[in-house]
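Below is my_file_1.pdb, holding PDB, C-alpha atoms.
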ATOM      1  CA  ARG T   1      92.368 164.991  73.630  1.00  0.00           C
ATOM      2  CA  SER T   2      94.505 167.460  71.665  1.00  0.00           C
ATOM      3  CA  SER T   3      95.335 170.868  73.164  1.00  0.00           C
ATOM      4  CA  ASP T   4      91.997 172.514  74.113  1.00  0.00           C
ATOM      5  CA  LEU T   5      90.004 170.490  71.609  1.00  0.00           C
ATOM      6  CA  TYR T   6      88.451 167.048  71.803  1.00  0.00           C
ATOM      7  CA  GLN T   7      89.091 164.602  69.001  1.00  0.00           C
ATOM      8  CA  VAL T   8      86.054 162.349  68.596  1.00  0.00           C
ATOM      9  CA  LYS T   9      86.522 159.172  66.574  1.00  0.00           C
ATOM     10  CA  HIS T  10      83.746 156.870  65.467  1.00  0.00           C
ATOM     11  CA  ARG T  11      83.232 154.190  62.897  1.00  0.00           C
ATOM     12  CA  THR T  12      80.480 153.193  60.512  1.00  0.00           C
ATOM     13  CA  ALA T  13      80.088 149.959  58.597  1.00  0.00           C
ATOM     14  CA  ASP T  14      82.219 151.396  55.801  1.00  0.00           C
ATOM     15  CA  GLU T  15      84.703 153.843  57.297  1.00  0.00           C
ATOM     16  CA  ARG T  16      86.295 155.417  60.333  1.00  0.00           C
ATOM     17  CA  LEU T  17      85.571 159.096  60.923  1.00  0.00           C
ATOM     18  CA  TRP T  18      86.896 161.744  63.281  1.00  0.00           C
ATOM     19  CA  ASP T  19      86.703 165.459  63.964  1.00  0.00           C
ATOM     20  CA  PHE T  20      87.694 168.069  66.565  1.00  0.00           C
ATOM     21  CA  TYR T  21      85.232 169.752  68.950  1.00  0.00           C
ATOM     22  CA  ASP T  22      85.417 172.488  71.579  1.00  0.00           C
ATOM     23  CA  MET T  23      82.816 170.755  73.709  1.00  0.00           C
ATOM     24  CA  VAL T  24      81.371 167.236  73.953  1.00  0.00           C
ATOM     25  CA  ILE T  25      78.155 166.080  75.632  1.00  0.00           C
ATOM     26  CA  VAL T  26      77.823 162.327  76.161  1.00  0.00           C
ATOM     27  CA  ALA T  27      74.137 161.390  75.960  1.00  0.00           C
ATOM     28  CA  THR T  28      74.353 157.608  76.240  1.00  0.00           C
ATOM     29  CA  PRO T  29      74.853 155.385  79.297  1.00  0.00           C
ATOM     30  CA  LEU T  30      78.459 154.660  80.220  1.00  0.00           C
ATOM     31  CA  ASP T  31      77.656 151.608  82.325  1.00  0.00           C
ATOM     32  CA  GLN T  32      79.782 148.478  82.112  1.00  0.00           C
ATOM     33  CA  GLU T  33      77.322 146.506  79.948  1.00  0.00           C
ATOM     34  CA  GLN T  34      76.497 149.056  77.248  1.00  0.00           C
ATOM     35  CA  ASN T  35      79.515 151.307  77.083  1.00  0.00           C
ATOM     36  CA  ASN T  36      81.626 151.192  73.920  1.00  0.00           C
ATOM     37  CA  ILE T  37      83.234 154.617  74.450  1.00  0.00           C
ATOM     38  CA  THR T  38      86.841 155.012  75.576  1.00  0.00           C
ATOM     39  CA  PHE T  39      88.495 158.179  76.870  1.00  0.00           C
ATOM     40  CA  SER T  40      92.172 158.540  75.941  1.00  0.00           C
ATOM     41  CA  ASN T  41      94.923 160.914  77.069  1.00  0.00           C
ATOM     42  CA  PHE T  42      93.001 162.559  79.918  1.00  0.00           C
ATOM     43  CA  GLU T  43      94.691 163.838  83.034  1.00  0.00           C
ATOM     44  CA  PRO T  44      93.431 162.804  85.497  1.00  0.00           C
ATOM     45  CA  PRO T  45      92.201 159.731  83.569  1.00  0.00           C
ATOM     46  CA  ILE T  46      88.478 159.081  83.200  1.00  0.00           C
ATOM     47  CA  GLY T  47      87.934 155.614  84.584  1.00  0.00           C
ATOM     48  CA  GLU T  48      85.138 153.124  83.998  1.00  0.00           C
ATOM     49  CA  LEU T  49      81.898 154.191  85.636  1.00  0.00           C
ATOM     50  CA  PRO T  50      80.364 151.529  87.897  1.00  0.00           C
ATOM     51  CA  GLY T  51      76.843 150.165  87.655  1.00  0.00           C
ATOM     52  CA  ALA T  52      74.641 148.073  85.417  1.00  0.00           C
ATOM     53  CA  PHE T  53      71.182 148.352  83.904  1.00  0.00           C
ATOM     54  CA  HIS T  54      68.153 146.282  84.875  1.00  0.00           C
ATOM     55  CA  HIS T  55      66.803 143.891  82.245  1.00  0.00           C
ATOM     56  CA  THR T  56      63.039 144.037  81.679  1.00  0.00           C
ATOM     57  CA  VAL T  57      60.925 142.152  79.154  1.00  0.00           C
ATOM     58  CA  ALA T  58      58.021 144.135  77.719  1.00  0.00           C
ATOM     59  CA  SER T  59      55.349 141.917  76.152  1.00  0.00           C
ATOM     60  CA  VAL T  60      52.544 143.485  74.133  1.00  0.00           C
ATOM     61  CA  VAL T  61      49.644 141.045  74.123  1.00  0.00           C
ATOM     62  CA  HIS T  62      46.410 141.342  72.135  1.00  0.00           C
ATOM     63  CA  GLY T  63      43.883 139.129  73.848  1.00  0.00           C
ATOM     64  CA  TYR T  64      41.159 138.516  76.417  1.00  0.00           C
ATOM     65  CA  LEU T  65      42.207 139.173  80.011  1.00  0.00           C
ATOM     66  CA  ASN T  66      41.681 136.311  82.454  1.00  0.00           C
ATOM     67  CA  ALA T  67      39.866 138.421  85.042  1.00  0.00           C
ATOM     68  CA  SER T  68      39.205 135.403  87.271  1.00  0.00           C
ATOM     69  CA  TYR T  69      42.949 135.167  87.995  1.00  0.00           C
ATOM     70  CA  PHE T  70      42.630 138.578  89.666  1.00  0.00           C
ATOM     71  CA  GLY T  71      39.534 137.618  91.668  1.00  0.00           C
ATOM     72  CA  PHE T  72      36.790 138.664  89.238  1.00  0.00           C
ATOM     73  CA  PRO T  73      34.890 135.624  87.870  1.00  0.00           C
ATOM     74  CA  ASP T  74      32.698 137.979  85.841  1.00  0.00           C
ATOM     75  CA  PRO T  75      35.078 139.914  83.520  1.00  0.00           C
ATOM     76  CA  LYS T  76      32.492 142.676  83.084  1.00  0.00           C
ATOM     77  CA  LEU T  77      33.119 143.671  86.706  1.00  0.00           C
ATOM     78  CA  PHE T  78      36.901 143.993  86.349  1.00  0.00           C
ATOM     79  CA  PRO T  79      37.553 147.702  87.138  1.00  0.00           C
ATOM     80  CA  PHE T  80      41.275 148.218  86.479  1.00  0.00           C
ATOM     81  CA  ALA T  81      43.276 149.469  83.500  1.00  0.00           C
ATOM     82  CA  SER T  82      46.621 148.978  85.297  1.00  0.00           C
ATOM     83  CA  ILE T  83      47.883 146.268  87.631  1.00  0.00           C
ATOM     84  CA  LEU T  84      51.045 146.606  89.725  1.00  0.00           C
ATOM     85  CA  ALA T  85      52.591 143.537  91.349  1.00  0.00           C
ATOM     86  CA  THR T  86      54.653 143.367  94.537  1.00  0.00           C
ATOM     87  CA  ASP T  87      58.192 142.003  94.576  1.00  0.00           C
ATOM     88  CA  ASN T  88      57.062 138.437  95.191  1.00  0.00           C
ATOM     89  CA  PRO T  89      59.189 135.513  93.943  1.00  0.00           C
ATOM     90  CA  SER T  90      56.027 133.540  93.126  1.00  0.00           C
ATOM     91  CA  LEU T  91      54.830 136.184  90.661  1.00  0.00           C
ATOM     92  CA  PHE T  92      56.184 136.054  87.122  1.00  0.00           C
ATOM     93  CA  PHE T  93      55.209 139.601  86.105  1.00  0.00           C
ATOM     94  CA  ASN T  94      55.753 143.107  87.486  1.00  0.00           C
ATOM     95  CA  SER T  95      52.929 145.103  85.956  1.00  0.00           C
ATOM     96  CA  MET T  96      50.159 145.099  83.343  1.00  0.00           C
ATOM     97  CA  ASP T  97      48.680 148.078  81.514  1.00  0.00           C
ATOM     98  CA  ASN T  98      45.752 148.277  79.120  1.00  0.00           C
ATOM     99  CA  ILE T  99      47.316 150.474  76.454  1.00  0.00           C
ATOM    100  CA  CYS T 100      45.643 152.821  73.985  1.00  0.00           C
ATOM    101  CA  PRO T 101      46.573 153.956  70.466  1.00  0.00           C
ATOM    102  CA  VAL T 102      48.949 156.901  70.221  1.00  0.00           C
ATOM    103  CA  ASN T 103      46.701 158.859  67.826  1.00  0.00           C
ATOM    104  CA  LEU T 104      43.416 158.946  69.727  1.00  0.00           C
ATOM    105  CA  THR T 105      40.303 160.189  67.972  1.00  0.00           C
ATOM    106  CA  ALA T 106      37.113 161.641  69.408  1.00  0.00           C
ATOM    107  CA  ALA T 107      35.351 158.355  68.684  1.00  0.00           C
ATOM    108  CA  PHE T 108      37.854 156.277  70.686  1.00  0.00           C
ATOM    109  CA  ARG T 109      36.626 154.253  73.655  1.00  0.00           C
ATOM    110  CA  ARG T 110      38.638 151.984  75.864  1.00  0.00           C
ATOM    111  CA  LYS T 111      37.904 148.289  75.443  1.00  0.00           C
ATOM    112  CA  GLN T 112      35.596 146.744  78.016  1.00  0.00           C
ATOM    113  CA  PRO T 113      37.169 144.068  80.288  1.00  0.00           C
ATOM    114  CA  GLN T 114      35.339 141.245  78.503  1.00  0.00           C
ATOM    115  CA  GLU T 115      36.598 142.411  75.087  1.00  0.00           C
ATOM    116  CA  ALA T 116      39.912 141.666  73.427  1.00  0.00           C
ATOM    117  CA  ALA T 117      42.334 144.479  74.243  1.00  0.00           C
ATOM    118  CA  VAL T 118      46.027 145.266  73.968  1.00  0.00           C
ATOM    119  CA  TRP T 119      47.988 144.866  77.205  1.00  0.00           C
ATOM    120  CA  LYS T 120      51.614 145.666  78.016  1.00  0.00           C
ATOM    121  CA  VAL T 121      53.082 143.196  80.502  1.00  0.00           C
ATOM    122  CA  LEU T 122      56.468 143.816  82.155  1.00  0.00           C
ATOM    123  CA  SER T 123      58.343 140.814  83.506  1.00  0.00           C
ATOM    124  CA  HIS T 124      61.879 139.770  84.466  1.00  0.00           C
ATOM    125  CA  ARG T 125      62.072 137.180  81.675  1.00  0.00           C
ATOM    126  CA  PRO T 126      60.016 136.180  78.617  1.00  0.00           C
ATOM    127  CA  MET T 127      56.698 134.573  79.539  1.00  0.00           C
ATOM    128  CA  ASP T 128      56.024 131.022  78.432  1.00  0.00           C
ATOM    129  CA  LYS T 129      52.701 129.786  77.069  1.00  0.00           C
ATOM    130  CA  GLN T 130      51.482 128.607  80.469  1.00  0.00           C
ATOM    131  CA  GLN T 131      52.112 132.025  82.014  1.00  0.00           C
ATOM    132  CA  LEU T 132      50.348 133.736  79.118  1.00  0.00           C
ATOM    133  CA  LYS T 133      47.363 131.421  79.586  1.00  0.00           C
ATOM    134  CA  THR T 134      47.337 132.362  83.273  1.00  0.00           C
ATOM    135  CA  LEU T 135      46.910 136.056  82.462  1.00  0.00           C
ATOM    136  CA  PHE T 136      44.775 135.713  79.324  1.00  0.00           C
ATOM    137  CA  ARG T 137      41.843 133.443  78.501  1.00  0.00           C
ATOM    138  CA  SER T 138      43.029 133.537  74.905  1.00  0.00           C
ATOM    139  CA  TYR T 139      45.172 135.838  72.786  1.00  0.00           C
ATOM    140  CA  TYR T 140      45.778 136.680  69.152  1.00  0.00           C
ATOM    141  CA  SER T 141      49.392 137.863  69.241  1.00  0.00           C
ATOM    142  CA  VAL T 142      52.383 138.472  71.506  1.00  0.00           C
ATOM    143  CA  GLN T 143      55.371 140.720  70.815  1.00  0.00           C
ATOM    144  CA  ALA T 144      58.140 140.571  73.443  1.00  0.00           C
ATOM    145  CA  THR T 145      61.148 142.896  73.715  1.00  0.00           C
ATOM    146  CA  ASP T 146      64.025 142.394  76.149  1.00  0.00           C
ATOM    147  CA  TRP T 147      65.533 145.781  76.975  1.00  0.00           C
ATOM    148  CA  LEU T 148      67.639 147.591  79.547  1.00  0.00           C
ATOM    149  CA  ALA T 149      64.920 149.625  81.197  1.00  0.00           C
ATOM    150  CA  CYS T 150      66.669 151.490  83.994  1.00  0.00           C
ATOM    151  CA  PRO T 151      69.739 151.333  86.240  1.00  0.00           C
ATOM    152  CA  SER T 152      69.914 148.671  88.933  1.00  0.00           C
ATOM    153  CA  TYR T 153      69.626 151.049  91.865  1.00  0.00           C
ATOM    154  CA  ASP T 154      71.696 150.607  94.993  1.00  0.00           C
ATOM    155  CA  SER T 155      71.697 153.084  97.881  1.00  0.00           C
ATOM    156  CA  SER T 156      75.348 152.319  98.581  1.00  0.00           C
ATOM    157  CA  LYS T 157      76.505 153.654  95.209  1.00  0.00           C
ATOM    158  CA  SER T 158      77.315 157.303  94.584  1.00  0.00           C
ATOM    159  CA  LEU T 159      75.982 159.157  91.561  1.00  0.00           C
ATOM    160  CA  PRO T 160      78.302 159.472  88.544  1.00  0.00           C
ATOM    161  CA  PRO T 161      79.637 162.949  87.737  1.00  0.00           C
ATOM    162  CA  ILE T 162      77.860 165.221  85.284  1.00  0.00           C
ATOM    163  CA  VAL T 163      81.129 167.015  84.451  1.00  0.00           C
ATOM    164  CA  LEU T 164      83.701 164.444  83.329  1.00  0.00           C
ATOM    165  CA  HIS T 165      86.328 167.020  82.328  1.00  0.00           C
ATOM    166  CA  ASP T 166      86.515 170.634  81.159  1.00  0.00           C
ATOM    167  CA  ASN T 167      83.787 171.050  78.520  1.00  0.00           C
ATOM    168  CA  LEU T 168      83.007 167.319  78.661  1.00  0.00           C
ATOM    169  CA  TYR T 169      79.569 166.557  80.100  1.00  0.00           C
ATOM    170  CA  TYR T 170      77.730 163.337  80.901  1.00  0.00           C
ATOM    171  CA  LEU T 171      74.006 163.891  80.413  1.00  0.00           C
ATOM    172  CA  SER T 172      72.945 160.330  81.316  1.00  0.00           C
ATOM    173  CA  ALA T 173      74.331 160.624  84.846  1.00  0.00           C
ATOM    174  CA  ILE T 174      70.853 161.769  85.916  1.00  0.00           C
ATOM    175  CA  GLU T 175      69.483 158.273  85.226  1.00  0.00           C
ATOM    176  CA  TRP T 176      71.247 157.023  88.349  1.00  0.00           C
ATOM    177  CA  ALA T 177      69.046 159.322  90.445  1.00  0.00           C
ATOM    178  CA  ALA T 178      65.800 158.623  88.575  1.00  0.00           C
ATOM    179  CA  SER T 179      65.287 157.123  85.136  1.00  0.00           C
ATOM    180  CA  SER T 180      62.560 158.425  82.813  1.00  0.00           C
ATOM    181  CA  ALA T 181      62.177 160.358  79.581  1.00  0.00           C
ATOM    182  CA  GLU T 182      61.133 163.404  81.618  1.00  0.00           C
ATOM    183  CA  MET T 183      64.278 163.246  83.763  1.00  0.00           C
ATOM    184  CA  SER T 184      66.432 162.996  80.648  1.00  0.00           C
ATOM    185  CA  ALA T 185      64.735 166.110  79.251  1.00  0.00           C
ATOM    186  CA  VAL T 186      65.441 167.969  82.502  1.00  0.00           C
ATOM    187  CA  ALA T 187      69.052 166.790  82.402  1.00  0.00           C
ATOM    188  CA  ALA T 188      69.453 167.952  78.799  1.00  0.00           C
ATOM    189  CA  LYS T 189      68.246 171.458  79.675  1.00  0.00           C
ATOM    190  CA  ASN T 190      70.437 171.656  82.778  1.00  0.00           C
ATOM    191  CA  VAL T 191      73.547 170.440  80.970  1.00  0.00           C
ATOM    192  CA  ALA T 192      72.920 172.922  78.129  1.00  0.00           C
ATOM    193  CA  LEU T 193      72.619 175.772  80.644  1.00  0.00           C
ATOM    194  CA  LEU T 194      75.703 174.626  82.555  1.00  0.00           C
ATOM    195  CA  ALA T 195      77.766 174.312  79.366  1.00  0.00           C
ATOM    196  CA  PHE T 196      76.584 177.728  78.139  1.00  0.00           C
ATOM    197  CA  ASN T 197      77.388 179.478  81.409  1.00  0.00           C
ATOM    198  CA  ARG T 198      80.815 177.889  81.722  1.00  0.00           C
ATOM    199  CA  TRP T 199      81.696 178.560  78.093  1.00  0.00           C
ATOM    200  CA  PHE T 200      80.828 182.257  78.407  1.00  0.00           C
ATOM    201  CA  HIS T 201      82.170 182.491  81.989  1.00  0.00           C
ATOM    202  CA  HIS T 202      78.820 183.392  83.467  1.00  0.00           C
ATOM    203  CA  PRO T 203      78.425 182.781  87.201  1.00  0.00           C
ATOM    204  CA  GLU T 204      76.590 179.527  87.837  1.00  0.00           C
TER     205      GLU T 204
END
Since I need it in another form, could you write the structure as structure tokens?
Amino acid sequence: RSSDLYQVKHRTADERLWDFYDMVIVATPLDQEQNNITFSNFEPPIGELPGAFHHTVASVVHGYLNASYFGFPDPKLFPFASILATDNPSLFFNSMDNICPVNLTAAFRRKQPQEAAVWKVLSHRPMDKQQLKTLFRSYYSVQATDWLACPSYDSSKSLPPIVLHDNLYYLSAIEWAASSAEMSAVAAKNVALLAFNRWFHHPE
């Protein structure tokens, strides 16, 4: 920090860049696993924020659901488009969703249970072939992505601050209360209003 301005430094593959700003909004998680941002020359100092994100594997599977595994020997009678699992150590998946194309047309119809469909399966770790065969009678393709889906929630932890310093805001703090795209949109609006009111000395 220099005087009343913030000096923000960042690097690309080819060069190091920096500039000065009146206000900074941090819109990325500052947890211990993902954070590559450091705060220098602050008084009081901005310490490391506690917490970690929960790993989830999202597998997109195009195939024929094994309805008998869920108690329906006749797949035509399977009535569900979503399946939520309890926190049971014997289960290897958390949820399954029959997903639809993003650009739906008037002629679109959801696949029948006995037809090949696209399913999104969330699990703690990548599924092996035996687990895939448990959920699907057969399948054409599998695409798995390991990602940090949401914070690992703990009722004993306090929420991180939204205001890190004067004119320095932490938008992603809201994720530690509830994590979703909608919550991030709400946080963005609230931080913008807070920053505007404080900058122009409007009562909050």
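Residues with any atom within 8 Å of the point (73.4, 162.0, 77.1), counting all atoms listed in the file, are Ile25, Val26, Ala27, Thr28, Pro29, Tyr170, Leu171, Ser172, Ala173, Ser184 and Ala188 of chain T.
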Kindly resolve the PyMOL selection byres ((chain T and resi 111) around 12) on the present coordinates and return the residues as a VMD selection string. chain T and resid 62 to 65 75 to 76 78 to 81 98 to 101 108 to 110 112 to 119
Saved selection, atoms kept: C-alpha atoms, as a PDB file, in the frame of the given file:
ATOM      1  CA  HIS T  62      46.410 141.342  72.135  1.00  0.00           C
ATOM      2  CA  GLY T  63      43.883 139.129  73.848  1.00  0.00           C
ATOM      3  CA  TYR T  64      41.159 138.516  76.417  1.00  0.00           C
ATOM      4  CA  LEU T  65      42.207 139.173  80.011  1.00  0.00           C
ATOM      5  CA  PRO T  75      35.078 139.914  83.520  1.00  0.00           C
ATOM      6  CA  LYS T  76      32.492 142.676  83.084  1.00  0.00           C
ATOM      7  CA  PHE T  78      36.901 143.993  86.349  1.00  0.00           C
ATOM      8  CA  PRO T  79      37.553 147.702  87.138  1.00  0.00           C
ATOM      9  CA  PHE T  80      41.275 148.218  86.479  1.00  0.00           C
ATOM     10  CA  ALA T  81      43.276 149.469  83.500  1.00  0.00           C
ATOM     11  CA  ASN T  98      45.752 148.277  79.120  1.00  0.00           C
ATOM     12  CA  ILE T  99      47.316 150.474  76.454  1.00  0.00           C
ATOM     13  CA  CYS T 100      45.643 152.821  73.985  1.00  0.00           C
ATOM     14  CA  PRO T 101      46.573 153.956  70.466  1.00  0.00           C
ATOM     15  CA  PHE T 108      37.854 156.277  70.686  1.00  0.00           C
ATOM     16  CA  ARG T 109      36.626 154.253  73.655  1.00  0.00           C
ATOM     17  CA  ARG T 110      38.638 151.984  75.864  1.00  0.00           C
ATOM     18  CA  GLN T 112      35.596 146.744  78.016  1.00  0.00           C
ATOM     19  CA  PRO T 113      37.169 144.068  80.288  1.00  0.00           C
ATOM     20  CA  GLN T 114      35.339 141.245  78.503  1.00  0.00           C
ATOM     21  CA  GLU T 115      36.598 142.411  75.087  1.00  0.00           C
ATOM     22  CA  ALA T 116      39.912 141.666  73.427  1.00  0.00           C
ATOM     23  CA  ALA T 117      42.334 144.479  74.243  1.00  0.00           C
ATOM     24  CA  VAL T 118      46.027 145.266  73.968  1.00  0.00           C
ATOM     25  CA  TRP T 119      47.988 144.866  77.205  1.00  0.00           C
TER      26      TRP T 119
END
For the file shown, what are the residues hit by the PyMOL selection byres ((chain T and resi 176) around 8), laid out as a ChimeraX atom specification? /T:151,153,159-160,172-175,177-179
Can you list what the PyMOL selection byres ((chain T and resi 20) around 8) grabs from this structure, as a ChimeraX atom specification? /T:5-8,18-19,21-22
Nearest-residue call for Asp31 (chain T), choices T:Ser95, T:Ser152, T:Ser82, T:Thr105, using only C-alpha atoms: T:Ser152
Work out where the centre of an axis-aligned box around every listed atom of region 69-84 of chain T lies and how long its edges are once 4 Å is added on each side; give both in Å to one decimal as lines of an AutoDock Vina configuration file.
center_x = 41.8
center_y = 142.3
center_z = 87.4
size_x = 26.6
size_y = 22.3
size_z = 16.6
Surrounding residues of region 83-91 of chain T excluding itself and chain neighbours under 3 positions, 10 Å, all atoms listed in the file, as a PyMOL selection string: chain T and resi 70+80+94-98+121-123+131
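Atom pair CA of Val60 (chain T) / CA of Ala185 (chain T) has a distance of 26.2 Å (rounded to one decimal).
Here CA of Asn66 (chain T) is placed at a distance of 8.2 Å from CA of Ser138 (chain T).
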Using all atoms listed in the file, the best pick from T:His10, T:Tyr140, T:Ser59, T:Asp166 as closest to Ile37 (chain T) would be T:His10
Might you pull out every residue within 7 Å of Asp146 (chain T), with only C-alpha atoms counted and same-chain residues fewer than 2 positions away left off, and present them as a VMD selection string? chain T and resid 55 to 58 144
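Note that CA of Asp128 (chain T) and CA of Trp147 (chain T) are 17.6 Å apart.
You can rank T:Ala187, T:Leu164, T:Val102, T:Met23 by their closest distance to Glu43 (chain T) using all atoms listed in the file, and at the top of that list sits T:Leu164.
Remark: for Leu148 (chain T), the closest of the candidate residues T:Glu33, T:Glu48, T:Glu182, T:Asp74 is T:Glu33 (distances computed over all atoms listed in the file).
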